[in-house]
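Reproduced below: upload.txt, with compact mmCIF, C-alpha atoms.
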# COMPACT_ATOMS: atom_id res chain seq x y z
CA LYS Y 223 -16.40 -34.32 11.40
CA LYS Y 224 -15.89 -34.70 15.13
CA THR Y 225 -16.91 -37.23 17.74
CA VAL Y 226 -20.62 -37.81 18.20
CA SER Y 227 -21.95 -36.26 21.38
CA THR Y 228 -23.73 -38.43 23.92
CA PRO Y 229 -25.66 -37.26 27.01
CA ASP Y 230 -22.59 -37.89 29.15
CA THR Y 231 -20.41 -35.93 26.72
CA MET Y 232 -22.75 -32.94 26.91
CA TYR Y 233 -22.67 -33.22 30.71
CA VAL Y 234 -18.86 -33.23 30.79
CA LEU Y 235 -18.51 -30.30 28.40
CA ALA Y 236 -21.21 -28.23 30.11
CA LYS Y 237 -19.72 -28.92 33.55
CA ARG Y 238 -16.28 -27.87 32.33
CA SER Y 239 -17.51 -24.68 30.73
CA LEU Y 240 -19.45 -23.55 33.82
CA GLY Y 241 -16.72 -24.56 36.25
CA VAL Y 242 -19.13 -26.37 38.58
CA SER Y 243 -17.24 -28.36 41.21
CA SER Y 244 -20.06 -30.51 42.58
CA GLY Y 245 -20.71 -33.33 40.14
CA SER Y 246 -23.86 -34.65 41.86
CA VAL Y 247 -25.51 -31.23 42.16
CA PHE Y 248 -24.70 -30.30 38.58
CA ARG Y 249 -25.92 -33.64 37.24
CA GLY Y 250 -29.26 -32.92 38.87
CA MET Y 251 -29.37 -29.43 37.36
CA PHE Y 252 -28.47 -30.78 33.92
CA ALA Y 253 -31.03 -33.58 34.03
CA SER Y 254 -33.83 -31.31 35.29
CA ARG Y 255 -33.51 -29.16 32.17
CA SER Y 256 -33.39 -32.12 29.80
CA PRO Y 257 -36.19 -33.91 27.94
CA PRO Y 258 -37.60 -37.05 29.66
CA MET Y 259 -35.64 -39.42 27.38
CA LEU Y 260 -32.37 -37.61 28.18
CA GLN Y 261 -33.18 -37.62 31.90
CA SER Y 262 -33.77 -41.37 31.72
CA THR Y 263 -30.47 -41.95 29.90
CA LEU Y 264 -28.57 -39.86 32.43
CA SER Y 265 -30.21 -41.75 35.26
CA GLN Y 266 -29.30 -45.13 33.78
CA ARG Y 267 -25.69 -44.11 33.06
CA SER Y 268 -25.23 -42.53 36.52
CA ARG Y 269 -25.42 -45.89 38.33
CA SER Y 270 -22.66 -48.46 38.20
CA SER Y 271 -23.15 -52.16 38.91
CA SER Y 272 -22.21 -51.53 42.55
CA GLY Y 273 -24.67 -48.68 42.84
CA ASP Y 274 -21.96 -45.99 43.11
CA ALA Y 275 -22.40 -42.80 41.16
CA VAL Y 276 -20.29 -42.51 38.03
CA ARG Y 277 -18.65 -39.10 38.29
CA ALA Y 278 -17.41 -37.04 35.41
CA LEU Y 279 -13.63 -36.89 35.34
CA GLU Y 280 -12.03 -33.58 36.20
CA PHE Y 281 -8.41 -32.72 35.43
CA LYS Y 282 -7.66 -30.13 38.08
CA GLU Y 283 -3.89 -30.68 38.10
CA GLY Y 284 -3.54 -30.10 34.38
CA VAL Y 285 -2.53 -32.01 31.28
CA GLY Y 286 0.80 -33.55 30.32
CA PHE Y 287 2.39 -34.83 27.12
CA ILE Y 288 5.23 -37.32 26.74
CA GLY Y 289 6.96 -37.88 23.38
CA THR Y 290 7.44 -34.96 20.98
CA GLY Y 291 8.87 -36.72 17.94
CA ILE Y 292 7.54 -36.68 14.38
CA MET Y 293 3.96 -37.28 15.51
CA GLY Y 294 3.99 -35.90 19.03
CA SER Y 295 5.19 -32.44 18.03
CA GLY Y 296 2.17 -31.77 15.84
CA MET Y 297 -0.21 -33.32 18.36
CA LEU Y 298 1.15 -31.10 21.13
CA GLN Y 299 0.74 -27.96 19.03
CA ASN Y 300 -2.92 -28.76 18.44
CA LEU Y 301 -3.54 -29.85 22.03
CA ALA Y 302 -2.25 -26.43 23.08
CA LYS Y 303 -5.22 -24.88 21.27
CA CYS Y 304 -7.59 -26.22 23.93
CA ARG Y 305 -5.18 -26.43 26.89
CA GLU Y 306 -3.33 -23.33 28.03
CA ASN Y 307 -0.90 -25.10 30.36
CA LEU Y 308 0.96 -28.28 29.37
CA ASN Y 309 3.72 -30.16 31.19
CA VAL Y 310 5.98 -31.89 28.65
CA TRP Y 311 8.87 -34.34 28.56
CA ASN Y 312 10.78 -35.91 25.69
CA ARG Y 313 13.91 -38.03 25.63
CA ASN Y 314 15.48 -35.25 23.57
CA MET Y 315 14.58 -32.16 25.59
CA THR Y 316 15.96 -29.85 22.91
CA ARG Y 317 12.79 -30.53 20.94
CA VAL Y 318 10.64 -29.50 23.92
CA GLU Y 319 12.54 -26.20 24.20
CA GLU Y 320 11.98 -25.59 20.49
CA LEU Y 321 8.26 -26.22 20.84
CA LYS Y 322 8.14 -23.89 23.84
CA GLU Y 323 9.43 -21.12 21.58
CA GLN Y 324 7.07 -22.02 18.71
CA ILE Y 325 3.86 -22.30 20.74
CA GLN Y 326 3.04 -18.77 21.86
CA HIS Y 327 -0.63 -19.24 22.72
CA ALA Y 328 -0.03 -21.71 25.59
CA SER Y 329 2.44 -22.34 28.38
CA ILE Y 330 4.74 -25.30 27.63
CA ASN Y 331 6.48 -26.40 30.82
CA PRO Y 332 9.47 -28.74 30.34
CA CYS Y 333 9.71 -31.44 33.01
CA SER Y 334 12.77 -33.27 34.29
CA SER Y 335 11.43 -36.78 33.63
CA ALA Y 336 8.44 -38.79 32.46
CA ARG Y 337 7.64 -39.46 36.11
CA ALA Y 338 7.58 -35.73 36.82
CA VAL Y 339 4.96 -35.23 34.08
CA ILE Y 340 2.76 -37.98 35.52
CA GLU Y 341 3.04 -36.71 39.06
CA SER Y 342 2.20 -33.12 38.09
CA CYS Y 343 -0.85 -33.89 35.92
CA ASP Y 344 -4.18 -35.73 36.04
CA LEU Y 345 -4.37 -36.41 32.29
CA ILE Y 346 -1.34 -37.45 30.27
CA PHE Y 347 -1.03 -38.18 26.54
CA ILE Y 348 1.85 -40.42 25.45
CA MET Y 349 3.18 -40.78 21.91
CA LEU Y 350 6.24 -43.05 21.70
CA SER Y 351 7.62 -44.73 18.60
CA ASP Y 352 8.02 -48.44 19.31
CA PRO Y 353 8.19 -51.16 22.01
CA GLN Y 354 11.81 -50.29 22.79
CA ALA Y 355 10.84 -46.69 23.55
CA ILE Y 356 7.90 -47.92 25.62
CA GLU Y 357 10.19 -50.14 27.67
CA ALA Y 358 12.64 -47.32 28.29
CA VAL Y 359 10.11 -44.63 29.18
CA TYR Y 360 7.51 -46.60 31.15
CA ASN Y 361 9.97 -48.37 33.44
CA GLY Y 362 12.66 -47.31 35.87
CA PRO Y 363 12.69 -44.92 38.84
CA ASP Y 364 11.96 -41.89 36.63
CA GLY Y 365 9.56 -43.69 34.30
CA ILE Y 366 5.86 -43.33 33.68
CA LEU Y 367 4.77 -46.18 35.95
CA ALA Y 368 6.77 -44.79 38.86
CA GLY Y 369 4.54 -41.72 38.78
CA VAL Y 370 1.16 -43.43 38.35
CA SER Y 371 -1.12 -43.29 41.38
CA GLU Y 372 -4.83 -43.24 42.15
CA GLY Y 373 -6.82 -41.29 39.56
CA LYS Y 374 -4.06 -40.66 37.02
CA CYS Y 375 -5.43 -40.87 33.47
CA ILE Y 376 -3.09 -42.26 30.81
CA VAL Y 377 -3.86 -42.04 27.08
CA ASP Y 378 -1.30 -43.98 25.03
CA CYS Y 379 -1.25 -43.19 21.31
CA ALA Y 380 1.55 -45.54 20.20
CA THR Y 381 1.14 -48.38 17.70
CA LEU Y 382 2.19 -51.52 19.55
CA THR Y 383 1.01 -55.12 19.77
CA PRO Y 384 -2.34 -55.82 21.43
CA GLU Y 385 -0.51 -57.87 24.08
CA LEU Y 386 1.82 -55.03 25.02
CA MET Y 387 -1.00 -52.51 25.11
CA GLY Y 388 -2.95 -54.85 27.39
CA LYS Y 389 0.09 -55.18 29.65
CA LEU Y 390 0.40 -51.41 29.94
CA GLN Y 391 -3.28 -51.12 30.81
CA GLY Y 392 -2.84 -53.72 33.54
CA GLU Y 393 0.21 -51.97 35.01
CA VAL Y 394 -1.56 -48.61 35.11
CA SER Y 395 -4.78 -50.07 36.51
CA LYS Y 396 -3.14 -51.94 39.37
CA ARG Y 397 -1.61 -48.66 40.51
CA GLY Y 398 -5.05 -47.04 40.62
CA GLY Y 399 -4.86 -45.22 37.30
CA ARG Y 400 -7.13 -45.18 34.26
CA PHE Y 401 -5.93 -46.21 30.80
CA LEU Y 402 -7.15 -45.58 27.27
CA GLU Y 403 -5.28 -46.96 24.27
CA ALA Y 404 -5.61 -44.51 21.41
CA PRO Y 405 -3.35 -45.30 18.43
CA VAL Y 406 -3.79 -42.84 15.60
CA SER Y 407 -4.29 -43.20 11.87
CA GLY Y 408 -2.36 -40.47 10.11
CA SER Y 409 1.23 -39.29 9.71
CA LYS Y 410 3.17 -36.06 10.23
CA GLY Y 411 0.89 -33.88 8.08
CA PRO Y 412 -2.41 -34.86 9.76
CA ALA Y 413 -0.72 -34.58 13.17
CA GLU Y 414 0.23 -30.99 12.37
CA THR Y 415 -3.19 -30.04 10.97
CA GLY Y 416 -5.27 -31.75 13.66
CA ALA Y 417 -6.65 -34.33 11.22
CA LEU Y 418 -5.70 -37.58 12.96
CA VAL Y 419 -8.14 -40.45 13.50
CA PHE Y 420 -8.10 -41.94 17.00
CA LEU Y 421 -8.77 -45.67 17.31
CA THR Y 422 -9.47 -46.25 20.99
CA SER Y 423 -10.42 -48.91 23.49
CA GLY Y 424 -10.24 -49.26 27.24
CA ASP Y 425 -11.74 -46.92 29.83
CA GLN Y 426 -14.96 -45.58 28.32
CA GLN Y 427 -15.47 -42.86 30.91
CA LEU Y 428 -12.01 -41.53 30.13
CA PHE Y 429 -12.80 -41.62 26.40
CA GLU Y 430 -15.95 -39.56 26.98
CA ALA Y 431 -14.13 -37.08 29.21
CA ILE Y 432 -11.31 -36.27 26.78
CA LYS Y 433 -13.35 -35.69 23.65
CA PRO Y 434 -12.44 -31.97 23.57
CA GLU Y 435 -8.75 -32.91 23.55
CA LEU Y 436 -9.21 -35.61 20.92
CA ASP Y 437 -11.17 -33.19 18.77
CA ALA Y 438 -8.35 -30.65 19.01
CA MET Y 439 -5.84 -33.21 17.69
CA GLY Y 440 -8.00 -35.21 15.30
CA LYS Y 441 -10.92 -35.16 12.90
CA LYS Y 442 -12.64 -38.28 14.23
CA SER Y 443 -12.43 -40.68 17.19
CA TYR Y 444 -13.63 -44.28 17.37
CA TYR Y 445 -14.25 -46.34 20.51
CA PHE Y 446 -14.07 -50.13 20.11
CA GLY Y 447 -14.98 -51.28 23.61
CA THR Y 448 -13.36 -51.96 26.95
CA GLN Y 449 -11.30 -54.99 25.91
CA PRO Y 450 -7.57 -54.23 25.79
CA GLY Y 451 -6.01 -54.35 22.34
CA LYS Y 452 -9.06 -53.64 20.20
CA GLY Y 453 -7.93 -50.17 19.16
CA THR Y 454 -4.52 -51.58 18.35
CA GLN Y 455 -5.96 -54.44 16.29
CA MET Y 456 -7.87 -51.95 14.15
CA LYS Y 457 -4.76 -49.78 13.75
CA LEU Y 458 -2.65 -52.75 12.62
CA ALA Y 459 -5.25 -53.70 10.00
CA VAL Y 460 -5.30 -50.10 8.73
CA ASN Y 461 -1.51 -49.84 8.48
CA MET Y 462 -1.22 -53.28 6.89
CA ILE Y 463 -3.56 -52.16 4.10
CA MET Y 464 -1.69 -48.87 3.74
CA GLY Y 465 1.69 -50.57 3.48
CA SER Y 466 0.40 -53.07 0.95
CA MET Y 467 -1.12 -50.29 -1.17
CA LEU Y 468 2.10 -48.32 -1.33
CA ALA Y 469 4.11 -51.43 -2.21
CA SER Y 470 1.65 -52.12 -5.05
CA LEU Y 471 1.94 -48.53 -6.30
CA SER Y 472 5.73 -48.92 -6.24
CA GLU Y 473 5.50 -52.01 -8.45
CA GLY Y 474 3.17 -50.29 -10.90
CA MET Y 475 5.40 -47.24 -11.16
CA GLN Y 476 8.48 -49.36 -11.82
CA LEU Y 477 6.67 -51.46 -14.43
CA VAL Y 478 5.53 -48.33 -16.29
CA SER Y 479 9.07 -46.95 -16.11
CA ARG Y 480 10.50 -50.13 -17.68
CA CYS Y 481 7.96 -49.78 -20.44
CA GLY Y 482 9.40 -46.36 -21.24
CA MET Y 483 6.50 -44.31 -19.87
CA LYS Y 484 6.29 -41.66 -17.19
CA GLU Y 485 5.57 -42.79 -13.64
CA THR Y 486 3.68 -39.54 -13.01
CA ASP Y 487 1.33 -40.40 -15.88
CA LEU Y 488 0.39 -43.59 -14.04
CA VAL Y 489 -0.33 -41.58 -10.90
CA ASP Y 490 -2.53 -39.22 -12.93
CA VAL Y 491 -4.42 -42.09 -14.56
CA LEU Y 492 -5.09 -43.68 -11.16
CA ALA Y 493 -6.42 -40.36 -9.89
CA GLN Y 494 -9.20 -40.38 -12.50
CA GLY Y 495 -11.00 -43.50 -11.32
CA ALA Y 496 -11.98 -45.70 -8.41
CA MET Y 497 -8.36 -46.14 -7.28
CA SER Y 498 -7.96 -42.42 -6.62
CA ASN Y 499 -6.83 -41.77 -3.05
CA PRO Y 500 -4.93 -39.07 -1.14
CA MET Y 501 -1.92 -41.30 -0.40
CA PHE Y 502 -1.21 -42.05 -4.06
CA ALA Y 503 -1.72 -38.38 -4.97
CA LEU Y 504 0.71 -37.27 -2.27
CA LYS Y 505 3.35 -39.99 -2.46
CA GLY Y 506 3.34 -40.85 -6.17
CA PRO Y 507 4.88 -37.64 -7.57
CA LYS Y 508 7.52 -37.60 -4.82
CA MET Y 509 8.40 -41.25 -5.41
CA ALA Y 510 8.87 -40.52 -9.11
CA VAL Y 511 11.68 -38.08 -8.31
CA GLY Y 512 13.17 -39.98 -5.36
CA ASP Y 513 11.89 -37.57 -2.69
CA HIS Y 514 11.48 -39.58 0.51
CA GLY Y 515 11.39 -36.82 3.10
CA THR Y 516 10.12 -38.47 6.26
CA ASN Y 517 6.49 -38.22 7.28
CA PHE Y 518 6.19 -41.85 8.39
CA PRO Y 519 9.51 -43.72 8.66
CA LEU Y 520 9.89 -46.93 6.69
CA LYS Y 521 11.15 -48.69 9.83
CA HIS Y 522 7.86 -47.94 11.58
CA ALA Y 523 5.81 -49.04 8.58
CA GLN Y 524 7.67 -52.35 8.57
CA LYS Y 525 7.16 -52.69 12.33
CA ASP Y 526 3.40 -52.32 11.85
CA MET Y 527 3.38 -54.78 8.95
CA ARG Y 528 5.28 -57.24 11.14
CA PHE Y 529 2.84 -56.81 14.02
CA ALA Y 530 -0.15 -57.22 11.67
CA LEU Y 531 1.29 -60.45 10.25
CA LYS Y 532 1.83 -61.75 13.77
CA LEU Y 533 -1.79 -60.92 14.60
CA GLY Y 534 -2.91 -62.78 11.46
CA ARG Y 535 -1.01 -65.89 12.54
CA GLU Y 536 -2.53 -65.71 16.00
CA LYS Y 537 -6.04 -65.44 14.56
CA GLY Y 538 -5.50 -68.10 11.89
CA GLN Y 539 -5.91 -65.63 9.04
CA ARG Y 540 -3.69 -65.92 5.95
CA LEU Y 541 -2.32 -62.57 4.71
CA PRO Y 542 -0.38 -63.42 1.53
CA VAL Y 543 -0.48 -59.93 0.00
CA ALA Y 544 0.78 -58.33 3.22
CA GLU Y 545 3.47 -61.02 3.48
CA ALA Y 546 4.76 -60.13 0.02
CA ALA Y 547 4.62 -56.41 0.72
CA ASN Y 548 6.46 -56.85 3.99
CA SER Y 549 9.35 -58.50 2.18
CA LEU Y 550 9.88 -55.26 0.24
CA TYR Y 551 9.93 -53.21 3.46
CA GLU Y 552 12.45 -55.64 4.89
CA LYS Y 553 14.65 -55.06 1.83
CA GLY Y 554 14.30 -51.35 2.46
CA LEU Y 555 15.55 -51.82 6.01
CA ASP Y 556 18.44 -53.96 4.82
CA ALA Y 557 19.40 -51.21 2.37
CA GLY Y 558 19.63 -48.68 5.20
CA ASN Y 559 16.44 -46.78 4.31
CA GLY Y 560 14.65 -47.24 7.64
CA ASP Y 561 14.70 -43.55 8.60
CA LEU Y 562 13.41 -42.41 5.20
CA ASP Y 563 9.70 -42.10 4.51
CA PHE Y 564 8.00 -45.42 3.85
CA SER Y 565 7.65 -44.32 0.23
CA ALA Y 566 11.30 -45.42 -0.04
CA VAL Y 567 9.93 -48.96 -0.37
CA VAL Y 568 10.03 -48.23 -4.11
CA GLU Y 569 13.84 -48.20 -3.97
CA ALA Y 570 13.80 -51.94 -3.22
CA LEU Y 571 12.43 -52.51 -6.74
CA LYS Y 572 14.57 -50.23 -8.85
CA ASP Y 573 17.36 -52.69 -9.56
CA GLY Y 574 15.25 -55.78 -9.19
CA GLY Y 575 14.27 -56.44 -12.79
CA ASP Y 576 17.08 -58.81 -13.68
CA ASP Y 577 16.47 -61.17 -10.80
CA GLN Y 578 12.96 -61.82 -12.12
CA LYS Y 579 14.27 -63.15 -15.43
CA LYS Y 580 14.41 -66.85 -16.04

What would the structure in this file look like if it were written as structure tokens?
Amino acid sequence: KKTVSTPDTMYVLAKRSLGVSSGSVFRGMFASRSPPMLQSTLSQRSRSSSGDAVRALEFKEGVGFIGTGIMGSGMLQNLAKCRENLNVWNRNMTRVEELKEQIQHASINPCSSARAVIESCDLIFIMLSDPQAIEAVYNGPDGILAGVSEGKCIVDCATLTPELMGKLQGEVSKRGGRFLEAPVSGSKGPAETGALVFLTSGDQQLFEAIKPELDAMGKKSYYFGTQPGKGTQMKLAVNMIMGSMLASLSEGMQLVSRCGMKETDLVDVLAQGAMSNPMFALKGPKMAVGDHGTNFPLKHAQKDMRFALKLGREKGQRLPVAEAANSLYEKGLDAGNGDLDFSAVVEALKDGGDDQKK
């Protein structure tokens, strides 16, 4: 259910739990009590190419969180289960004050700016909605980058383009910080229940060090290597498939409706066979009655479809199904449904029968 432990993970968790401050002494203690194979692994992993010891990361100055919107609010509530003291900033600070009242088992400390969060913490999680939000919050005198210095650890959970994520990693790294891209698969519900899936790449030592935090917010974490953008590429493929599936369900439901049958019967039939899946079971009945309460906004679904199509063009991969699905999401945006749940893509089909006639 959770991330798979490695020797280094066990070392980090054991060191945290015992509160040992000397990494080199504790590593020796840990290795001396381990089987020969584990001792060998620890020895190999403890030497970098330059011969310097790889030290476990410690977050003595605490943990911060930036971005408490639809996704970030749930993530923060679960992060608070393993972190008693959290410094938080959001562009709408009213939401932070509300979360401070809701979360009774941890101390939520509102900060005056994104920079203030970075400067007051060693480890910072960031969950922003889109490239425009990234531009606004990372830059400027009170932005994230203004606070980054040697040793700051940034974990960015947004869904962006691989190029933008790589740029952010470069900006953080040149200021002496560490960077892990960690976009998540899952929407509002999984964020609230701690059932997200983290798709990461970048600083591997940081990934190993924050497994307790990732496990508090998610059910599984993947690491796709050090190359910038790999976590994002996987996320875009996942969301492209998801968007295409929901567009296809929308078409099926509307076809059944025009045939004089119940859309919910189609959803039930699909649930009996190989096409059964949680998304159809959750969204289908709500779509049938026009309930598009927002868990994942249509405007963000279309953004991810757009980014995935761009990635396909860059890689020389045709994506005709995703192209067709994206056109429906674009119609949804044009109709003013961007802030509704992405299930509102079905609305783009409801009056579209006549224009298919020849």

Might you pull out every residue within 8 Å of Lys457 of chain Y, with only C-alpha atoms counted and same-chain residues fewer than 3 positions away left off, and present them as a list in words?
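The residues satisfying every condition are Thr381, Pro405, Val406, Ser407, Leu421, Gly453, Thr454, Val460 and Asn461 of chain Y.
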
Okay, now the selection with C-alpha atoms, as a tab-separated table (two decimals), keeping the file's coordinate frame?
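This went into out.tsv:
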chain	number	residue	atom	x	y	z
Y	381	THR	CA	1.14	-48.38	17.70
Y	405	PRO	CA	-3.35	-45.30	18.43
Y	406	VAL	CA	-3.79	-42.84	15.60
Y	407	SER	CA	-4.29	-43.20	11.87
Y	421	LEU	CA	-8.77	-45.67	17.31
Y	453	GLY	CA	-7.93	-50.17	19.16
Y	454	THR	CA	-4.52	-51.58	18.35
Y	460	VAL	CA	-5.30	-50.10	8.73
Y	461	ASN	CA	-1.51	-49.84	8.48

For a test of reading the model, state the distance in Å between atom CA of Val543 of chain Y and atom CA of Met464 of chain Y, rounded to one decimal.
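Here the two named atoms are 11.7 Å from each other.
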
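Taking atom CA of Leu458 of chain Y as the reference point, atom CA of Gly512 of chain Y is found at 27.1 Å.
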
I need every residue sitting at most 9 Å from the point (-9.4, -31.6, 36.7) (coordinates as in the file, all atoms listed in the file considered), written as a list of chain:residue names.
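Taken together, the residues in range are Y:Arg238, Y:Leu279, Y:Glu280, Y:Phe281, Y:Lys282, Y:Glu283, Y:Gly284, Y:Val285, Y:Cys343, Y:Asp344, Y:Leu345.
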
Please indicate the distance in Å from atom CA of Ala338 of chain Y to atom CA of Asn312 of chain Y, rounded to one decimal place.
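So the answer is 11.6 Å.
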